[in-house]
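S.K.: Provided herewith: my_file_17.txt, compact mmCIF, C-alpha atoms and all ligand atoms.
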```txt
# COMPACT_ATOMS: atom_id res chain seq x y z
CA ALA A 8 -24.43 2.74 0.17
CA ILE A 9 -20.88 2.46 -1.18
CA LYS A 10 -19.90 5.47 -3.29
CA GLY A 11 -16.12 5.36 -3.37
CA PHE A 12 -12.98 3.25 -3.30
CA VAL A 13 -9.76 4.14 -1.51
CA PHE A 14 -6.78 2.28 -2.94
CA ASP A 15 -3.40 1.30 -1.65
CA LEU A 16 -0.82 1.36 -4.48
CA ASP A 17 2.15 -0.92 -3.85
CA GLY A 18 1.04 -4.55 -4.04
CA VAL A 19 -2.55 -3.70 -5.06
CA ILE A 20 -2.34 -1.70 -8.28
CA THR A 21 1.17 -2.73 -9.21
CA ASP A 22 3.80 -5.32 -8.31
CA THR A 23 6.12 -2.82 -6.57
CA SER A 24 5.85 -4.56 -3.19
CA VAL A 25 8.39 -7.01 -4.61
CA PHE A 26 10.69 -4.07 -5.51
CA HIS A 27 10.36 -2.56 -2.02
CA SER A 28 11.25 -5.97 -0.55
CA GLN A 29 14.24 -6.40 -2.86
CA ALA A 30 15.54 -2.93 -2.02
CA TRP A 31 15.14 -3.46 1.74
CA HIS A 32 16.70 -6.92 1.53
CA GLN A 33 19.88 -5.26 0.22
CA ILE A 34 19.90 -2.91 3.23
CA ALA A 35 19.20 -5.76 5.68
CA ASP A 36 22.19 -7.67 4.25
CA LYS A 37 24.34 -4.57 4.58
CA VAL A 38 23.53 -4.11 8.29
CA GLY A 39 23.69 -7.86 9.00
CA VAL A 40 20.01 -8.48 9.73
CA SER A 41 18.66 -11.80 8.47
CA TRP A 42 15.80 -11.64 5.99
CA ASP A 43 12.71 -13.86 5.91
CA ASP A 44 9.16 -13.81 4.52
CA GLN A 45 7.70 -12.77 7.86
CA LEU A 46 9.91 -9.65 7.93
CA ALA A 47 8.97 -8.91 4.30
CA ASP A 48 5.24 -9.09 5.19
CA ALA A 49 5.71 -6.91 8.28
CA LEU A 50 7.32 -4.18 6.13
CA LYS A 51 4.38 -3.97 3.72
CA GLY A 52 2.48 -0.69 3.94
CA ILE A 53 4.63 1.01 6.54
CA SER A 54 6.61 4.18 5.95
CA ARG A 55 10.24 4.32 4.87
CA MET A 56 11.66 5.20 8.30
CA ASP A 57 9.28 2.85 10.16
CA SER A 58 10.52 0.11 7.82
CA LEU A 59 14.18 0.80 8.58
CA ASN A 60 13.46 0.91 12.32
CA LEU A 61 11.68 -2.43 12.11
CA ILE A 62 14.59 -4.05 10.24
CA LEU A 63 17.11 -2.73 12.77
CA ALA A 64 14.94 -3.85 15.70
CA ARG A 65 14.67 -7.37 14.24
CA GLY A 66 18.45 -7.58 14.37
CA HIS A 67 18.66 -5.87 17.80
CA ARG A 68 20.59 -3.09 16.10
CA GLU A 69 18.20 -0.22 16.86
CA ASN A 70 20.79 1.61 18.98
CA ASP A 71 23.75 1.10 16.65
CA PHE A 72 23.10 3.96 14.19
CA THR A 73 22.95 7.74 14.51
CA PRO A 74 19.98 9.60 12.97
CA ASP A 75 22.29 10.70 10.12
CA GLN A 76 23.39 7.11 9.46
CA LYS A 77 19.75 6.00 9.47
CA ALA A 78 18.82 8.77 7.03
CA ALA A 79 21.67 7.60 4.76
CA LEU A 80 20.46 3.96 4.91
CA ALA A 81 16.88 5.05 4.09
CA ALA A 82 18.17 7.16 1.18
CA GLU A 83 20.22 4.21 -0.09
CA LYS A 84 17.13 2.00 0.00
CA ASN A 85 15.24 4.61 -1.99
CA THR A 86 18.04 4.75 -4.58
CA ASN A 87 17.87 0.93 -4.87
CA TYR A 88 14.09 1.17 -5.22
CA LEU A 89 14.14 3.96 -7.80
CA ALA A 90 16.50 1.94 -10.02
CA LEU A 91 13.72 -0.67 -10.20
CA VAL A 92 10.88 1.86 -10.57
CA ASN A 93 12.61 3.60 -13.45
CA GLN A 94 12.30 0.40 -15.51
CA MET A 95 8.56 0.17 -14.92
CA THR A 96 5.95 0.29 -17.69
CA PRO A 97 2.17 -0.33 -17.84
CA ALA A 98 3.12 -4.05 -17.98
CA ASN A 99 3.72 -3.74 -14.22
CA ILE A 100 0.02 -3.13 -13.54
CA LEU A 101 -1.33 -6.19 -11.70
CA PRO A 102 -3.80 -8.44 -13.61
CA GLY A 103 -7.40 -7.22 -13.63
CA ILE A 104 -6.63 -3.77 -12.21
CA THR A 105 -7.05 -1.76 -15.42
CA ASP A 106 -10.44 -3.41 -16.05
CA PHE A 107 -11.52 -2.84 -12.45
CA LEU A 108 -10.61 0.86 -12.49
CA ALA A 109 -12.50 1.30 -15.78
CA GLU A 110 -15.49 -0.56 -14.32
CA LEU A 111 -15.53 1.69 -11.25
CA GLN A 112 -15.29 4.81 -13.39
CA ALA A 113 -18.07 3.61 -15.70
CA HIS A 114 -20.32 3.08 -12.66
CA GLY A 115 -19.57 6.52 -11.26
CA TYR A 116 -17.62 5.49 -8.17
CA ALA A 117 -15.18 8.02 -6.77
CA MET A 118 -11.57 6.86 -6.32
CA SER A 119 -8.66 8.05 -4.25
CA LEU A 120 -5.17 6.84 -3.39
CA ALA A 121 -3.99 6.11 0.16
CA SER A 122 -0.37 5.08 -0.38
CA ALA A 123 2.33 5.54 2.23
CA SER A 124 4.85 5.97 -0.59
CA LYS A 125 6.44 9.30 -1.44
CA ASN A 126 7.19 7.72 -4.83
CA ALA A 127 3.48 7.14 -5.60
CA PRO A 128 3.15 9.99 -8.19
CA LEU A 129 6.20 8.68 -10.09
CA VAL A 130 4.92 5.08 -10.01
CA LEU A 131 1.45 6.13 -11.20
CA SER A 132 2.95 8.06 -14.10
CA LYS A 133 5.14 5.07 -15.10
CA LEU A 134 1.98 2.95 -15.13
CA GLY A 135 -0.05 5.52 -17.04
CA LEU A 136 -2.76 5.50 -14.33
CA GLY A 137 -2.41 9.07 -13.05
CA HIS A 138 -5.75 10.13 -14.56
CA TYR A 139 -7.68 7.72 -12.31
CA PHE A 140 -6.08 9.13 -9.17
CA THR A 141 -6.31 12.90 -9.34
CA LYS A 142 -7.20 12.64 -5.64
CA ALA A 143 -4.44 11.23 -3.46
CA VAL A 144 -3.46 11.59 0.18
CA ASP A 145 0.01 13.17 0.45
CA PRO A 146 1.86 10.88 2.90
CA ALA A 147 4.18 13.77 3.85
CA THR A 148 1.19 15.46 5.55
CA LEU A 149 0.36 12.52 7.85
CA THR A 150 0.96 12.49 11.60
CA HIS A 151 0.80 8.69 11.77
CA GLY A 152 1.45 6.01 9.16
CA LYS A 153 -0.40 2.72 8.65
CA PRO A 154 -1.68 0.87 10.73
CA ASP A 155 -3.09 4.17 12.11
CA PRO A 156 -6.49 4.97 10.47
CA GLU A 157 -5.44 8.53 9.50
CA ILE A 158 -4.48 7.82 5.86
CA PHE A 159 -7.66 5.89 4.98
CA ARG A 160 -9.83 8.43 6.84
CA ARG A 161 -8.23 11.15 4.71
CA GLY A 162 -8.73 9.04 1.58
CA ALA A 163 -12.52 9.23 2.17
CA GLU A 164 -12.42 12.90 3.19
CA ILE A 165 -10.79 14.02 -0.07
CA LEU A 166 -13.68 12.35 -1.92
CA ASN A 167 -16.17 14.21 0.30
CA LEU A 168 -17.51 10.84 1.45
CA SER A 169 -18.05 9.34 4.88
CA PRO A 170 -15.93 6.28 5.75
CA ALA A 171 -19.10 4.14 5.71
CA GLU A 172 -19.53 5.04 2.03
CA CYS A 173 -16.04 3.78 1.14
CA ILE A 174 -14.31 0.48 0.48
CA GLY A 175 -10.55 0.37 1.11
CA VAL A 176 -8.34 -2.02 -0.86
CA GLU A 177 -5.07 -3.28 0.65
CA ASP A 178 -2.43 -6.02 0.41
CA ALA A 179 -0.84 -5.36 3.82
CA ALA A 180 -2.03 -6.32 7.29
CA ALA A 181 -1.08 -2.82 8.51
CA GLY A 182 -3.24 -1.35 5.73
CA VAL A 183 -6.28 -3.52 6.50
CA GLN A 184 -5.98 -2.39 10.13
CA SER A 185 -5.93 1.23 8.94
CA ILE A 186 -9.07 0.73 6.78
CA ASN A 187 -10.94 -1.01 9.59
CA GLY A 188 -9.92 1.68 12.09
CA ALA A 189 -11.19 4.36 9.73
CA GLY A 190 -14.61 2.65 9.62
CA GLU A 191 -14.50 1.65 5.96
CA THR A 192 -15.20 -1.77 4.45
CA SER A 193 -11.90 -3.57 3.90
CA ILE A 194 -10.80 -5.75 1.01
CA GLY A 195 -7.59 -7.69 1.60
CA ILE A 196 -5.71 -8.91 -1.47
CA GLY A 197 -3.34 -11.81 -0.79
CA ASP A 198 -2.86 -14.55 1.80
CA PRO A 199 -6.14 -14.67 3.78
CA THR A 200 -4.34 -15.89 6.90
CA VAL A 201 -2.10 -12.78 6.90
CA LEU A 202 -5.13 -10.56 6.07
CA ALA A 203 -7.67 -12.31 8.33
CA ALA A 204 -8.92 -8.94 9.65
CA ALA A 205 -10.31 -7.92 6.24
CA ASP A 206 -14.09 -7.86 5.66
CA ILE A 207 -13.57 -9.41 2.22
CA ASN A 208 -10.59 -11.54 1.16
CA PHE A 209 -9.43 -12.07 -2.40
CA THR A 210 -6.31 -14.11 -3.13
CA ASP A 211 -5.32 -11.95 -6.10
CA THR A 212 -6.26 -8.86 -8.09
CA THR A 213 -8.10 -10.75 -10.84
CA GLN A 214 -10.94 -11.27 -8.34
CA LEU A 215 -11.52 -7.51 -8.05
CA THR A 216 -14.82 -6.99 -9.86
CA LEU A 217 -17.98 -5.22 -8.73
CA ALA A 218 -19.94 -8.48 -9.06
CA ASN A 219 -17.53 -10.36 -6.75
CA ILE A 220 -17.55 -7.51 -4.22
CA GLN A 221 -21.34 -7.27 -4.22
CA SER A 222 -21.74 -11.01 -3.65
CA GLN A 223 -19.22 -10.89 -0.76
CA LEU A 224 -20.97 -7.90 0.82
CA VAL A 225 -24.33 -9.70 0.73
CA THR A 226 -22.97 -12.80 2.43
CA ALA A 227 -20.90 -10.82 4.98
C1 LIG B 1 4.21 1.55 0.96
C2 LIG B 1 4.97 0.27 0.75
O1 LIG B 1 3.25 1.68 -0.03
O2 LIG B 1 5.08 2.67 0.92
C3 LIG B 1 6.13 0.16 1.73
O3 LIG B 1 4.09 -0.84 0.93
C4 LIG B 1 7.00 1.41 1.64
O4 LIG B 1 6.89 -0.99 1.43
C5 LIG B 1 6.13 2.65 1.88
O5 LIG B 1 8.02 1.37 2.63
C6 LIG B 1 6.93 3.96 1.78
O6 LIG B 1 7.40 4.10 0.46
P1 LIG B 1 8.49 5.14 -0.03
O7 LIG B 1 8.46 4.96 -1.52
O8 LIG B 1 8.04 6.51 0.40
O9 LIG B 1 9.80 4.76 0.59
MG MG B 2 0.58 -2.23 -0.27
```
For this file, write the structure as structure tokens.
M.R.:
Amino acid sequence: AIKGFVFDLDGVITDTSVFHSQAWHQIADKVGVSWDDQLADALKGISRMDSLNLILARGHRENDFTPDQKAALAAEKNTNYLALVNQMTPANILPGITDFLAELQAHGYAMSLASASKNAPLVLSKLGLGHYFTKAVDPATLTHGKPDPEIFRRGAEILNLSPAECIGVEDAAAGVQSINGAGETSIGIGDPTVLAAADINFTDTTQLTLANIQSQLVTA
């Protein structure tokens, strides 16, 4: 039986995936790499340095920067991103999420966070949702980022649950792959063609209710 939920943050709980995209778009322009929706989708869920490497590779510029220059570009992206995060309030929580978290808590489900973002604690505090996620995987302790299963496996472990007892919630294809690899049930939020690998697909966060999940699990 399902006993816990392991959540992605950016793009699931809050609209920060747009902020990450905006901040990376500025860096892509700076290094002369053209930006499109496909690149934006490919960047979702993956770590800061993996993201920079992907942008540079798209422009065949992967050998044009020293490690120090790359570190400076990644730091500049984070400065761009933090300028957006610092203006965040609980209004940036995606529709339906507050109700869903309260519903899970009322029904006694355990919850943890499996975000690749080193800014996750700051974002959660801006949203006023820190109390729901006292258990979170620290991305700095990971050997491999999404799509590797490590982060979602750890998200179950910190709840003292087996992966089979957990549902993972993601908006990124790399994240759905991580959930599936960990052996958890996956919910993909967003374009079902991008997230075709998910066990359950919802087009947006308003569909996240226990009743909707239960009916999808029965028909799966
Ligand atoms: C993920 C985002 O949650 O965190 C990615 O989807 C981001 O876009 C990654 O690159 C790392 O975030 P940060 O805040 O540590 O640079
Ligand atoms: Mg995400």
S.K.: Would you give me, as CSV, each residue of chain A having an atom within 8 Å of an atom of ligand MG 2 (chain B), along with its shortest atom pair and that distance in Å to one decimal, using all atoms listed in the file and sorting by chain and residue number?
M.R.:
```
residue,atom,partner,partner_atom,distance
A:Asp15,CA,B:MG2,MG,5.5
A:Leu16,CA,B:MG2,MG,5.7
A:Asp17,CA,B:MG2,MG,4.1
A:Gly18,CA,B:MG2,MG,4.5
A:Val19,CA,B:MG2,MG,5.9
A:Ser24,CA,B:MG2,MG,6.5
A:Lys51,CA,B:MG2,MG,5.8
A:Gly52,CA,B:MG2,MG,4.9
A:Ser122,CA,B:MG2,MG,7.4
A:Glu177,CA,B:MG2,MG,5.8
A:Asp178,CA,B:MG2,MG,4.9
A:Ala179,CA,B:MG2,MG,5.3
A:Gly182,CA,B:MG2,MG,7.2
```
S.K.: Keeping only C-alpha atoms, write the selected residues as a short mmCIF file (atom, residue, chain, number, x, y, z; two decimals), keeping the file's coordinate frame.
M.R.:
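Wrote it out as part_17.cif, contents follow:
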```cif
data_model
loop_
_atom_site.label_atom_id
_atom_site.label_comp_id
_atom_site.auth_asym_id
_atom_site.auth_seq_id
_atom_site.Cartn_x
_atom_site.Cartn_y
_atom_site.Cartn_z
CA ASP A 15 -3.40 1.30 -1.65
CA LEU A 16 -0.82 1.36 -4.48
CA ASP A 17 2.15 -0.92 -3.85
CA GLY A 18 1.04 -4.55 -4.04
CA VAL A 19 -2.55 -3.70 -5.06
CA SER A 24 5.85 -4.56 -3.19
CA LYS A 51 4.38 -3.97 3.72
CA GLY A 52 2.48 -0.69 3.94
CA SER A 122 -0.37 5.08 -0.38
CA GLU A 177 -5.07 -3.28 0.65
CA ASP A 178 -2.43 -6.02 0.41
CA ALA A 179 -0.84 -5.36 3.82
CA GLY A 182 -3.24 -1.35 5.73
#
```
S.K.: Would you list the residues that come within 9 Å of ligand LIG 1 (chain B)? Count only C-alpha atoms and all ligand atoms and give the answer as a ChimeraX atom specification.
M.R.: /A:15-18,23-28,31,47,50-59,81-82,84-85,88-89,121-127,146-147,178-179,182
S.K.: As an exercise, work out the distance from CA of Arg160 in chain A to CA of Lys133 in chain A in Å and give it to one decimal place.
M.R.: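 Rounded to one decimal, the two atoms are 26.8 Å apart.
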S.K.: Mind pulling up the distance from CA of Asp44 in chain A to CA of Asn208 in chain A?
M.R.: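 Interatomic distance, CA of Asn208 in chain A to CA of Asp44 in chain A: 20.2 Å.
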S.K.: May I ask for the distance between CA of Val183 in chain A and CA of Gln223 in chain A, given in Å to one decimal place?
M.R.: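 Separation between CA of Val183 in chain A and CA of Gln223 in chain A: 16.6 Å.
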S.K.: For Phe140 in chain A, which residue out of A:Gly103, A:Leu202, A:Phe12, A:Gly190 is the nearest one, using all atoms listed in the file?
M.R.: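 Residue with the minimum atom-to-atom distance to Phe140 in chain A: A:Phe12.
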S.K.: Given the choices A:Ser185, A:Thr216, A:Thr105, A:Tyr116, which gets closest to Cys173 in chain A if the distance is worked out from only C-alpha atoms?
M.R.: A:Tyr116
S.K.: Find the spatial neighbours of Met95 in chain A, counting all atoms listed in the file, within a cut-off of 8 Å - ignore same-chain residues fewer than 2 positions away - and output them as a compact mmCIF listing (two decimals) with C-alpha atoms, in the coordinates of the input.
M.R.:
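Below is the file result16.txt, written as the result:
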```txt
# COMPACT_ATOMS: atom_id res chain seq x y z
CA LEU A 91 13.72 -0.67 -10.20
CA VAL A 92 10.88 1.86 -10.57
CA ASN A 93 12.61 3.60 -13.45
CA PRO A 97 2.17 -0.33 -17.84
CA ALA A 98 3.12 -4.05 -17.98
CA ASN A 99 3.72 -3.74 -14.22
CA VAL A 130 4.92 5.08 -10.01
CA LYS A 133 5.14 5.07 -15.10
CA LEU A 134 1.98 2.95 -15.13
```
S.K.: Which of these residues is nearest to Thr21 in chain A, using all atoms listed in the file: A:Ala205, A:Ser119, A:Leu136, A:Leu61?
M.R.: A:Leu136
S.K.: Which one of A:Ala117, A:Leu217, A:Ala163, A:Ile62 sits closest to Asp43 in chain A if you count all atoms listed in the file?
M.R.: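 Nearest candidate to Asp43 in chain A out of A:Ala117, A:Leu217, A:Ala163, A:Ile62: A:Ile62.
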S.K.: Tell me which protein, DNA and RNA residues are within 12 Å of Glu164 in chain A, counting only C-alpha atoms, leaving out same-chain ones fewer than 4 positions away, and put them as a list in words.
M.R.: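 Within the cut-off, the hits are Gly11, Phe12, Val13, Ala117, Met118, Ser119, Leu120, Ala121, Lys142, Ala143, Val144, Glu157, Ile158, Phe159, Arg160, Leu168, Ser169, Pro170, Ala171, Glu172, Cys173, Ala189 and Glu191 of chain A.
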S.K.: Name the closest residue to Ala8 in chain A among the candidates A:Asn70, A:Gln33, A:Gln221, A:Thr141; distances are taken between atoms, counting only C-alpha atoms.
M.R.: A:Gln221
